[in-house]
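Raw contents of upload-v7.tsv, TSV, C-alpha atoms and all ligand atoms:
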chain	number	residue	atom	x	y	z
A	1	MET	CA	0.00	0.00	0.00
A	2	THR	CA	1.26	3.44	-0.88
A	3	GLU	CA	-0.40	6.64	0.15
A	4	THR	CA	-0.47	10.35	-0.07
A	5	SER	CA	-2.19	12.44	2.55
A	6	LEU	CA	-5.35	12.70	0.50
A	7	ILE	CA	-5.68	9.47	-1.48
A	8	LEU	CA	-4.76	5.89	-0.60
A	9	TYR	CA	-3.94	3.33	-3.28
A	10	GLU	CA	-4.52	-0.24	-2.11
A	11	THR	CA	-4.37	-3.68	-3.70
A	12	PRO	CA	-6.69	-5.71	-1.44
A	13	ALA	CA	-6.75	-8.77	-3.74
A	14	PRO	CA	-5.15	-9.90	-6.99
A	15	ARG	CA	-6.29	-7.83	-9.99
A	16	ILE	CA	-8.13	-5.33	-7.75
A	17	ALA	CA	-7.04	-1.74	-7.11
A	18	ARG	CA	-8.85	0.20	-4.41
A	19	ILE	CA	-8.56	3.98	-4.44
A	20	VAL	CA	-9.63	5.58	-1.17
A	21	LEU	CA	-10.55	9.20	-0.49
A	22	ASN	CA	-8.62	9.91	2.68
A	23	ARG	CA	-9.74	13.23	4.03
A	24	PRO	CA	-12.28	12.03	6.59
A	25	GLY	CA	-11.75	15.02	8.91
A	26	LYS	CA	-13.18	17.19	6.12
A	27	ARG	CA	-15.78	14.58	5.13
A	28	ASN	CA	-13.68	13.98	2.01
A	29	ALA	CA	-14.41	17.44	0.67
A	30	GLN	CA	-12.70	17.86	-2.68
A	31	ASP	CA	-10.07	20.52	-2.99
A	32	THR	CA	-7.89	20.86	-6.06
A	33	ALA	CA	-5.05	18.76	-4.64
A	34	LEU	CA	-7.40	15.88	-3.79
A	35	LEU	CA	-8.86	15.82	-7.29
A	36	TYR	CA	-5.44	15.77	-8.97
A	37	ALA	CA	-4.29	13.03	-6.59
A	38	LEU	CA	-7.44	11.05	-7.36
A	39	ASN	CA	-6.86	11.47	-11.08
A	40	GLU	CA	-3.28	10.22	-10.69
A	41	ALA	CA	-4.52	7.17	-8.81
A	42	PHE	CA	-7.09	6.40	-11.52
A	43	ASP	CA	-4.35	6.76	-14.15
A	44	ARG	CA	-2.10	4.40	-12.23
A	45	ALA	CA	-4.82	1.75	-11.97
A	46	ALA	CA	-5.90	2.23	-15.58
A	47	ARG	CA	-2.38	1.76	-16.93
A	48	ASP	CA	-1.48	-1.25	-14.78
A	49	ASP	CA	-2.18	-4.44	-16.73
A	50	GLU	CA	-2.22	-6.35	-13.45
A	51	VAL	CA	-5.36	-4.44	-12.44
A	52	THR	CA	-8.67	-5.62	-13.87
A	53	VAL	CA	-11.21	-3.89	-11.60
A	54	ILE	CA	-10.97	-0.53	-9.81
A	55	VAL	CA	-12.86	0.25	-6.59
A	56	LEU	CA	-13.40	3.81	-5.42
A	57	ALA	CA	-14.02	4.03	-1.68
A	58	ALA	CA	-13.83	6.66	1.06
A	59	ASN	CA	-12.58	6.70	4.64
A	60	GLY	CA	-14.78	7.98	7.43
A	61	PRO	CA	-18.53	8.02	8.00
A	62	HIS	CA	-19.34	9.96	4.81
A	63	PHE	CA	-18.31	9.40	1.21
A	64	SER	CA	-17.93	13.08	0.27
A	65	ALA	CA	-19.29	16.49	1.24
A	66	GLY	CA	-18.61	17.70	-2.32
A	67	HIS	CA	-16.41	20.58	-3.33
A	68	ASP	CA	-14.31	22.14	-0.60
A	69	LEU	CA	-15.91	25.58	-0.48
A	70	SER	CA	-13.28	26.77	1.99
A	71	GLU	CA	-10.55	26.62	-0.66
A	72	THR	CA	-9.74	30.11	-1.86
A	73	ASP	CA	-7.73	31.26	-4.87
A	74	HIS	CA	-8.79	28.27	-6.96
A	75	LEU	CA	-6.74	29.28	-9.99
A	76	ALA	CA	-3.46	29.47	-8.07
A	77	HIS	CA	-4.14	25.98	-6.72
A	78	LEU	CA	-4.90	24.77	-10.22
A	79	ARG	CA	-1.70	26.17	-11.69
A	80	ALA	CA	0.29	24.30	-9.04
A	81	HIS	CA	-0.57	21.11	-10.98
A	82	ARG	CA	0.20	19.99	-14.50
A	83	GLN	CA	-3.10	20.18	-16.36
A	84	VAL	CA	-4.44	16.92	-17.76
A	85	GLY	CA	-6.73	18.21	-20.50
A	86	THR	CA	-5.86	20.33	-23.52
A	87	TRP	CA	-8.07	23.31	-22.66
A	88	SER	CA	-6.26	26.60	-22.12
A	89	GLY	CA	-6.91	30.09	-20.75
A	90	PHE	CA	-6.35	29.33	-17.07
A	91	ALA	CA	-4.92	32.83	-16.63
A	92	GLY	CA	-7.72	34.49	-18.58
A	93	ILE	CA	-10.03	37.18	-17.30
A	94	GLY	CA	-13.79	37.13	-16.82
A	95	ALA	CA	-15.42	33.74	-17.22
A	96	GLU	CA	-12.59	32.29	-19.31
A	97	ALA	CA	-10.32	31.04	-16.53
A	98	THR	CA	-13.07	29.95	-14.15
A	99	THR	CA	-14.77	27.98	-16.90
A	100	ALA	CA	-11.46	26.46	-17.97
A	101	ARG	CA	-10.85	25.32	-14.39
A	102	GLU	CA	-14.24	23.64	-14.08
A	103	ARG	CA	-13.80	22.05	-17.49
A	104	GLU	CA	-10.46	20.60	-16.38
A	105	ILE	CA	-11.12	19.30	-12.87
A	106	TYR	CA	-14.89	18.69	-12.85
A	107	LEU	CA	-16.36	17.88	-16.26
A	108	GLY	CA	-13.00	16.83	-17.70
A	109	PHE	CA	-11.91	14.56	-14.86
A	110	SER	CA	-15.32	12.91	-14.44
A	111	GLU	CA	-15.63	12.23	-18.17
A	112	ARG	CA	-12.09	10.90	-18.21
A	113	TRP	CA	-12.77	8.49	-15.33
A	114	ARG	CA	-16.07	7.42	-16.91
A	115	ASN	CA	-14.14	6.27	-19.98
A	116	ILE	CA	-11.43	4.26	-18.20
A	117	PRO	CA	-11.52	0.96	-20.11
A	118	LYS	CA	-11.84	-1.18	-16.98
A	119	PRO	CA	-14.79	-1.85	-14.69
A	120	THR	CA	-15.01	0.65	-11.83
A	121	ILE	CA	-17.12	0.26	-8.68
A	122	ALA	CA	-18.04	3.07	-6.29
A	123	GLN	CA	-18.38	2.01	-2.64
A	124	VAL	CA	-20.56	4.60	-0.93
A	125	GLN	CA	-21.43	5.10	2.73
A	126	GLY	CA	-23.03	8.03	4.52
A	127	LYS	CA	-23.59	11.28	2.69
A	128	CYS	CA	-22.59	11.93	-0.88
A	129	ILE	CA	-23.28	15.54	-1.75
A	130	ALA	CA	-23.07	17.46	-5.04
A	131	GLY	CA	-19.41	17.17	-6.12
A	132	GLY	CA	-19.40	13.72	-4.52
A	133	LEU	CA	-21.83	12.62	-7.22
A	134	MET	CA	-19.21	13.51	-9.83
A	135	LEU	CA	-16.93	10.87	-8.31
A	136	ILE	CA	-19.47	8.02	-8.16
A	137	TRP	CA	-21.49	8.63	-11.33
A	138	PRO	CA	-18.49	8.04	-13.62
A	139	CYS	CA	-18.14	4.58	-12.07
A	140	ASP	CA	-19.75	1.61	-13.81
A	141	LEU	CA	-21.35	0.15	-10.70
A	142	ILE	CA	-22.40	1.78	-7.43
A	143	VAL	CA	-22.79	-0.22	-4.23
A	144	ALA	CA	-24.23	1.71	-1.28
A	145	SER	CA	-24.58	0.98	2.40
A	146	GLU	CA	-28.05	1.23	3.91
A	147	ASP	CA	-27.23	4.60	5.46
A	148	ALA	CA	-26.14	6.23	2.20
A	149	LEU	CA	-27.82	9.51	1.24
A	150	PHE	CA	-27.39	11.45	-1.98
A	151	GLN	CA	-28.05	15.14	-2.59
A	152	ASP	CA	-27.40	17.74	-5.27
A	153	ASN	CA	-27.88	20.97	-3.33
A	154	THR	CA	-26.47	23.29	-6.01
A	155	LEU	CA	-29.89	24.72	-6.85
A	156	LEU	CA	-30.04	26.22	-3.35
A	157	MET	CA	-26.95	28.21	-4.39
A	158	GLY	CA	-28.44	29.41	-7.67
A	159	ILE	CA	-26.72	26.75	-9.80
A	160	PRO	CA	-28.71	24.30	-11.96
A	161	GLY	CA	-26.88	21.10	-10.98
A	162	VAL	CA	-23.30	19.85	-10.67
A	163	GLU	CA	-20.86	20.24	-13.55
A	164	PHE	CA	-21.02	16.58	-14.65
A	165	PHE	CA	-24.74	16.66	-15.43
A	166	ALA	CA	-25.62	12.97	-15.53
A	167	HIS	CA	-28.87	13.37	-13.59
A	168	PRO	CA	-31.29	12.33	-16.38
A	169	TRP	CA	-29.30	9.18	-17.13
A	170	GLU	CA	-28.90	8.28	-13.48
A	171	LEU	CA	-32.50	8.77	-12.33
A	172	GLY	CA	-34.72	9.29	-15.38
A	173	ALA	CA	-35.96	12.72	-16.42
A	174	ARG	CA	-38.93	13.23	-14.09
A	175	PRO	CA	-37.34	11.95	-10.85
A	176	ALA	CA	-34.19	13.92	-11.71
A	177	LYS	CA	-36.23	17.12	-11.98
A	178	GLU	CA	-37.95	16.59	-8.63
A	179	TRP	CA	-34.65	15.76	-6.94
A	180	LEU	CA	-32.95	18.86	-8.37
A	181	PHE	CA	-35.89	21.22	-7.76
A	182	THR	CA	-36.30	20.18	-4.11
A	183	ALA	CA	-32.62	19.45	-3.31
A	184	ASP	CA	-34.02	16.66	-1.14
A	185	TRP	CA	-32.00	13.70	0.09
A	186	LEU	CA	-32.23	10.54	-2.00
A	187	THR	CA	-31.99	7.45	0.16
A	188	ALA	CA	-30.00	4.38	-0.81
A	189	ALA	CA	-33.27	2.46	-1.21
A	190	ASP	CA	-34.72	5.11	-3.56
A	191	ALA	CA	-31.48	5.33	-5.50
A	192	HIS	CA	-31.58	1.56	-5.92
A	193	ARG	CA	-35.20	1.59	-7.04
A	194	ARG	CA	-34.42	4.22	-9.67
A	195	GLY	CA	-31.41	2.36	-11.00
A	196	MET	CA	-28.72	4.75	-9.82
A	197	VAL	CA	-27.37	2.20	-7.34
A	198	ASN	CA	-26.77	-1.47	-8.17
A	199	ARG	CA	-26.91	-2.89	-4.64
A	200	VAL	CA	-27.68	-1.77	-1.10
A	201	VAL	CA	-25.94	-3.70	1.66
A	202	PRO	CA	-25.67	-3.45	5.45
A	203	ASN	CA	-23.12	-0.86	6.53
A	204	GLU	CA	-20.82	-3.39	8.16
A	205	ARG	CA	-20.82	-5.53	5.00
A	206	LEU	CA	-20.09	-2.75	2.51
A	207	GLU	CA	-16.36	-3.24	2.00
A	208	ALA	CA	-16.59	-7.05	1.91
A	209	GLU	CA	-19.53	-7.06	-0.53
A	210	VAL	CA	-17.78	-4.66	-2.89
A	211	LEU	CA	-14.55	-6.63	-2.79
A	212	SER	CA	-16.44	-9.87	-3.44
A	213	LEU	CA	-18.23	-8.33	-6.42
A	214	ALA	CA	-14.96	-6.90	-7.74
A	215	GLN	CA	-13.28	-10.31	-7.45
A	216	ARG	CA	-16.11	-12.03	-9.35
A	217	ILE	CA	-15.82	-9.50	-12.17
A	218	ALA	CA	-12.02	-9.74	-12.15
A	219	GLU	CA	-12.30	-13.44	-13.05
A	220	ARG	CA	-13.61	-12.43	-16.49
A	221	SER	CA	-11.54	-11.54	-19.51
A	222	PRO	CA	-10.22	-7.98	-19.13
A	223	TYR	CA	-10.57	-7.46	-22.86
A	224	ALA	CA	-14.20	-8.66	-22.93
A	225	LEU	CA	-14.96	-6.42	-19.94
A	226	LYS	CA	-13.40	-3.47	-21.73
A	227	LEU	CA	-15.47	-4.09	-24.86
A	228	ALA	CA	-18.70	-4.62	-22.89
A	229	LYS	CA	-18.18	-1.37	-21.01
A	230	GLU	CA	-17.46	0.51	-24.20
A	231	ALA	CA	-20.60	-0.90	-25.86
A	232	ILE	CA	-22.90	0.27	-23.04
A	233	ASN	CA	-21.20	3.64	-22.77
A	234	ALA	CA	-21.60	4.05	-26.53
A	235	ALA	CA	-25.34	3.37	-26.20
A	236	GLN	CA	-25.65	6.28	-23.74
A	237	ASP	CA	-23.57	8.46	-26.00
A	238	ALA	CA	-25.75	7.58	-29.00
A	239	GLN	CA	-28.66	9.06	-27.00
A	240	GLY	CA	-26.90	12.41	-27.03
A	241	ARG	CA	-25.36	12.23	-23.56
A	242	VAL	CA	-22.19	14.16	-24.42
A	243	SER	CA	-24.02	17.00	-26.21
A	244	ALA	CA	-26.66	17.28	-23.48
A	245	MET	CA	-24.04	17.34	-20.74
A	246	HIS	CA	-22.05	19.97	-22.62
A	247	LEU	CA	-25.13	22.20	-22.81
A	248	ALA	CA	-25.74	21.70	-19.07
A	249	PHE	CA	-22.09	22.58	-18.37
A	250	VAL	CA	-22.41	25.83	-20.34
A	251	SER	CA	-25.64	26.64	-18.46
A	252	HIS	CA	-23.80	25.94	-15.20
A	253	GLN	CA	-21.13	28.47	-16.20
A	254	LEU	CA	-23.80	31.01	-17.13
A	255	ALA	CA	-25.30	30.60	-13.65
A	256	HIS	CA	-21.87	31.19	-12.06
A	257	SER	CA	-21.45	34.38	-14.11
A	258	HIS	CA	-24.96	35.50	-13.20
A	259	CYS	CA	-24.22	34.99	-9.49
A	260	VAL	CA	-20.99	36.98	-9.82
A	261	GLN	CA	-22.95	39.87	-11.33
A	262	VAL	CA	-25.77	39.72	-8.78
A	263	HIS	CA	-24.04	38.55	-5.58
A	264	GLY	CA	-20.35	39.22	-6.24
A	265	LEU	CA	-19.69	35.50	-5.76
A	266	PRO	CA	-19.91	32.54	-8.16
A	267	ILE	CA	-22.79	31.11	-6.09
A	268	ASP	CA	-25.74	32.61	-4.23
A	269	PRO	CA	-24.47	32.83	-0.63
A	270	ALA	CA	-28.02	32.32	0.66
A	271	GLY	CA	-27.55	28.63	-0.09
A	272	ILE	CA	-24.37	28.19	1.93
A	273	SER	CA	-25.57	27.69	5.45
A	274	PRO	CA	-23.76	25.07	7.52
A	275	ALA	CA	-27.07	23.25	7.83
A	276	VAL	CA	-27.29	22.93	4.07
A	277	ARG	CA	-23.68	22.33	3.19
A	278	ARG	CA	-22.71	20.04	6.03
A	279	PRO	CA	-25.85	18.48	7.44
B	301	ZN	ZN	-19.25	25.15	-10.93

Just dump the structure as structure tokens.
Ligand code: ZN
Amino acid sequence: MTETSLILYETPAPRIARIVLNRPGKRNAQDTALLYALNEAFDRAARDDEVTVIVLAANGPHFSAGHDLSETDHLAHLRAHRQVGTWSGFAGIGAEATTAREREIYLGFSERWRNIPKPTIAQVQGKCIAGGLMLIWPCDLIVASEDALFQDNTLLMGIPGVEFFAHPWELGARPAKEWLFTADWLTAADAHRRGMVNRVVPNERLEAEVLSLAQRIAERSPYALKLAKEAINAAQDAQGRVSAMHLAFVSHQLAHSHCVQVHGLPIDPAGISPAVRRP
């Protein structure tokens, strides 16, 4: 096992890599450094031919509180890393740099992880809020503990959903609208019923059940798994997923710019109460 302060990289069984969010004191809130470390871990697992299945897990009682809203000077943090995508303008003025940043570390990273040509399984306990969804939705399978709760609370902050706008594909159009409009919690049972979650298991069995599932899948041909994943992803893409998500991303940026003009901040501060952000 090797580790950084923010991400652990484990090999709990042959052919299995387990990447663990390791910022439990902050409820695995995602700052720039955590996201780049997570991307490096995904790259490592993706490029290792000894790894067939990748598990994404999280330490602590909650999977992720979403973006770390306490991080300031986002662009300086971003420039401290070597960018992964080919977008440019990170030193631009107006909306250019802020949009470039979100394209790189939110939409870009999540899309990149979604297309890793190996099965990925998200292992989710406790709360998974907003930006947390952008870590689990790119995974092929999601296994949740009975206490798992999911929320996209961005609408409370004047933003029409997280940057990786997979809501209609994850929940279906009408449930996705209700969930976004109300910013209500989605329970593990409801997420399972709607197809967003594959399995719900007792909390104390979560890690073992995910590892068992990963080991079963890892017995299959890695090449056949790769092709099967690509075929199903292509079916979603043939429905216009990429174009629809791009439009949603642009709308998201428009909402940020609107909030800057109206509130002087990229989000409506009325939505950032501790009760909302860290329930
Ligand atoms: Zn944003």

Practice problem: Please extract the residues at most 7 Å from ligand ZN 301 (chain B), counting all atoms listed in the file, and provide them as a ChimeraX atom specification, using the chain letters and residue numbers of this document. | Solution: /A:102,162-163,252-253,256

Quiz item: Which residue gives the smallest distance to A:Val200 among A:Leu135, A:Ala122, A:Leu171, A:Val260, with only C-alpha atoms counted?
Solution: A:Ala122

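The shortest atom-to-atom distance to A:Arg101, with only C-alpha atoms taken into account, belongs to A:His74 out of A:His74, A:Arg205, A:Lys127, A:Arg174.
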
Quiz item: Within 10 Å of stretch 210-223 of chain A, counting only C-alpha atoms, which residues qualify if same-chain residues fewer than 6 places away don't, as a PyMOL selection string?
Solution: chain A and resi 12-18+49-57+117-124+141-144+199+201+229

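Rounded to one decimal, atom CA of A:Gly25 and atom CA of A:Cys128 lie 14.9 Å from each other.
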
Determine, for each residue of stretch 192-233 of chain A having at least one atom at most 12 Å from an atom of stretch 177-187 of chain A, the closest pair of atoms and their separation in Å to one decimal, counting only C-alpha atoms; order by chain and ascending number, as JSON lines.
{"residue": "A:His192", "atom": "CA", "partner": "A:Thr187", "partner_atom": "CA", "distance": 8.5}
{"residue": "A:Arg193", "atom": "CA", "partner": "A:Thr187", "partner_atom": "CA", "distance": 9.8}
{"residue": "A:Arg194", "atom": "CA", "partner": "A:Leu186", "partner_atom": "CA", "distance": 10.2}
{"residue": "A:Met196", "atom": "CA", "partner": "A:Leu186", "partner_atom": "CA", "distance": 10.3}
{"residue": "A:Val197", "atom": "CA", "partner": "A:Thr187", "partner_atom": "CA", "distance": 10.3}
{"residue": "A:Val200", "atom": "CA", "partner": "A:Thr187", "partner_atom": "CA", "distance": 10.3}

Practice problem: For A:His246, work out the shell of residues within 9 Å, counting all atoms listed in the file and skipping chain neighbours fewer than 4 positions away, then give it as a count of residues only. | Solution: 7

Self-check item: Residue contacts of A:His258 (12 Å, only C-alpha atoms) excluding same-chain residues fewer than 2 positions away, as a ChimeraX atom specification
Solution: /A:94-95,157-160,251-256,260-268

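Taking atom CA of A:Ser257 and atom CA of A:Leu156 as endpoints, the distance between them is 16.0 Å.
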
Mind dumping a table of every stretch 68-134 of chain A residue within 10 Å of stretch 146-154 of chain A, with the nearest atom pair and its distance in Å to one decimal, using only C-alpha atoms, sorted by chain and rising number, as a tab-separated table?
residue	atom	partner	partner_atom	distance
A:Val124	CA	A:Ala148	CA	6.6
A:Gln125	CA	A:Ala148	CA	4.9
A:Gly126	CA	A:Ala148	CA	4.3
A:Lys127	CA	A:Leu149	CA	4.8
A:Cys128	CA	A:Phe150	CA	4.9
A:Ile129	CA	A:Gln151	CA	4.9
A:Ala130	CA	A:Asp152	CA	4.3
A:Gly131	CA	A:Asp152	CA	8.1
A:Gly132	CA	A:Phe150	CA	8.7
A:Leu133	CA	A:Phe150	CA	7.7

Practice problem: State, in Å with one decimal place, the distance from atom CA of A:Met134 to atom CA of A:Tyr106. | Solution: 7.4 Å

Since the input is missing atoms for stretch 186-203 of chain A, could you rebuild it with N, CA, C and O atoms and give the result as an mmCIF file, in the coordinates of the input?
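Contents of rebuild.cif, as written:
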data_model
loop_
_atom_site.group_PDB
_atom_site.id
_atom_site.type_symbol
_atom_site.label_atom_id
_atom_site.label_comp_id
_atom_site.auth_asym_id
_atom_site.auth_seq_id
_atom_site.Cartn_x
_atom_site.Cartn_y
_atom_site.Cartn_z
ATOM 1 N N LEU A 186 -31.809 11.799 -1.363
ATOM 2 C CA LEU A 186 -32.230 10.540 -2.000
ATOM 3 C C LEU A 186 -31.628 9.409 -1.172
ATOM 4 O O LEU A 186 -30.405 9.355 -0.970
ATOM 5 N N THR A 187 -32.493 8.542 -0.673
ATOM 6 C CA THR A 187 -31.990 7.450 0.160
ATOM 7 C C THR A 187 -31.367 6.362 -0.710
ATOM 8 O O THR A 187 -31.609 6.298 -1.923
ATOM 9 N N ALA A 188 -30.603 5.499 -0.068
ATOM 10 C CA ALA A 188 -30.000 4.380 -0.810
ATOM 11 C C ALA A 188 -31.091 3.519 -1.436
ATOM 12 O O ALA A 188 -30.960 3.086 -2.590
ATOM 13 N N ALA A 189 -32.179 3.297 -0.687
ATOM 14 C CA ALA A 189 -33.270 2.460 -1.210
ATOM 15 C C ALA A 189 -33.899 3.103 -2.441
ATOM 16 O O ALA A 189 -34.173 2.418 -3.440
ATOM 17 N N ASP A 190 -34.139 4.427 -2.393
ATOM 18 C CA ASP A 190 -34.720 5.110 -3.560
ATOM 19 C C ASP A 190 -33.753 5.118 -4.734
ATOM 20 O O ASP A 190 -34.152 4.946 -5.892
ATOM 21 N N ALA A 191 -32.479 5.331 -4.433
ATOM 22 C CA ALA A 191 -31.480 5.330 -5.500
ATOM 23 C C ALA A 191 -31.407 3.957 -6.168
ATOM 24 O O ALA A 191 -31.236 3.855 -7.393
ATOM 25 N N HIS A 192 -31.571 2.923 -5.374
ATOM 26 C CA HIS A 192 -31.580 1.560 -5.920
ATOM 27 C C HIS A 192 -32.806 1.343 -6.787
ATOM 28 O O HIS A 192 -32.720 0.813 -7.900
ATOM 29 N N ARG A 193 -33.951 1.791 -6.296
ATOM 30 C CA ARG A 193 -35.200 1.590 -7.040
ATOM 31 C C ARG A 193 -35.141 2.314 -8.384
ATOM 32 O O ARG A 193 -35.691 1.846 -9.376
ATOM 33 N N ARG A 194 -34.472 3.440 -8.427
ATOM 34 C CA ARG A 194 -34.420 4.220 -9.670
ATOM 35 C C ARG A 194 -33.269 3.807 -10.582
ATOM 36 O O ARG A 194 -33.091 4.382 -11.653
ATOM 37 N N GLY A 195 -32.464 2.873 -10.135
ATOM 38 C CA GLY A 195 -31.410 2.360 -11.000
ATOM 39 C C GLY A 195 -30.078 3.063 -10.874
ATOM 40 O O GLY A 195 -29.127 2.730 -11.578
ATOM 41 N N MET A 196 -29.996 4.045 -9.975
ATOM 42 C CA MET A 196 -28.720 4.750 -9.820
ATOM 43 C C MET A 196 -27.714 3.896 -9.063
ATOM 44 O O MET A 196 -26.505 4.013 -9.280
ATOM 45 N N VAL A 197 -28.216 3.055 -8.180
ATOM 46 C CA VAL A 197 -27.370 2.200 -7.340
ATOM 47 C C VAL A 197 -27.655 0.743 -7.692
ATOM 48 O O VAL A 197 -28.813 0.348 -7.844
ATOM 49 N N ASN A 198 -26.598 -0.054 -7.831
ATOM 50 C CA ASN A 198 -26.770 -1.470 -8.170
ATOM 51 C C ASN A 198 -27.239 -2.306 -6.982
ATOM 52 O O ASN A 198 -28.104 -3.165 -7.108
ATOM 53 N N ARG A 199 -26.616 -2.066 -5.812
ATOM 54 C CA ARG A 199 -26.910 -2.890 -4.640
ATOM 55 C C ARG A 199 -26.877 -2.025 -3.396
ATOM 56 O O ARG A 199 -26.084 -1.082 -3.306
ATOM 57 N N VAL A 200 -27.714 -2.388 -2.430
ATOM 58 C CA VAL A 200 -27.680 -1.770 -1.100
ATOM 59 C C VAL A 200 -27.388 -2.873 -0.101
ATOM 60 O O VAL A 200 -28.060 -3.910 -0.108
ATOM 61 N N VAL A 201 -26.385 -2.649 0.735
ATOM 62 C CA VAL A 201 -25.940 -3.700 1.660
ATOM 63 C C VAL A 201 -25.818 -3.116 3.060
ATOM 64 O O VAL A 201 -25.693 -1.895 3.235
ATOM 65 N N PRO A 202 -25.860 -3.963 4.085
ATOM 66 C CA PRO A 202 -25.670 -3.450 5.450
ATOM 67 C C PRO A 202 -24.325 -2.729 5.578
ATOM 68 O O PRO A 202 -23.334 -3.133 4.965
ATOM 69 N N ASN A 203 -24.332 -1.696 6.405
ATOM 70 C CA ASN A 203 -23.120 -0.860 6.530
ATOM 71 C C ASN A 203 -21.877 -1.689 6.808
ATOM 72 O O ASN A 203 -20.823 -1.484 6.191
#
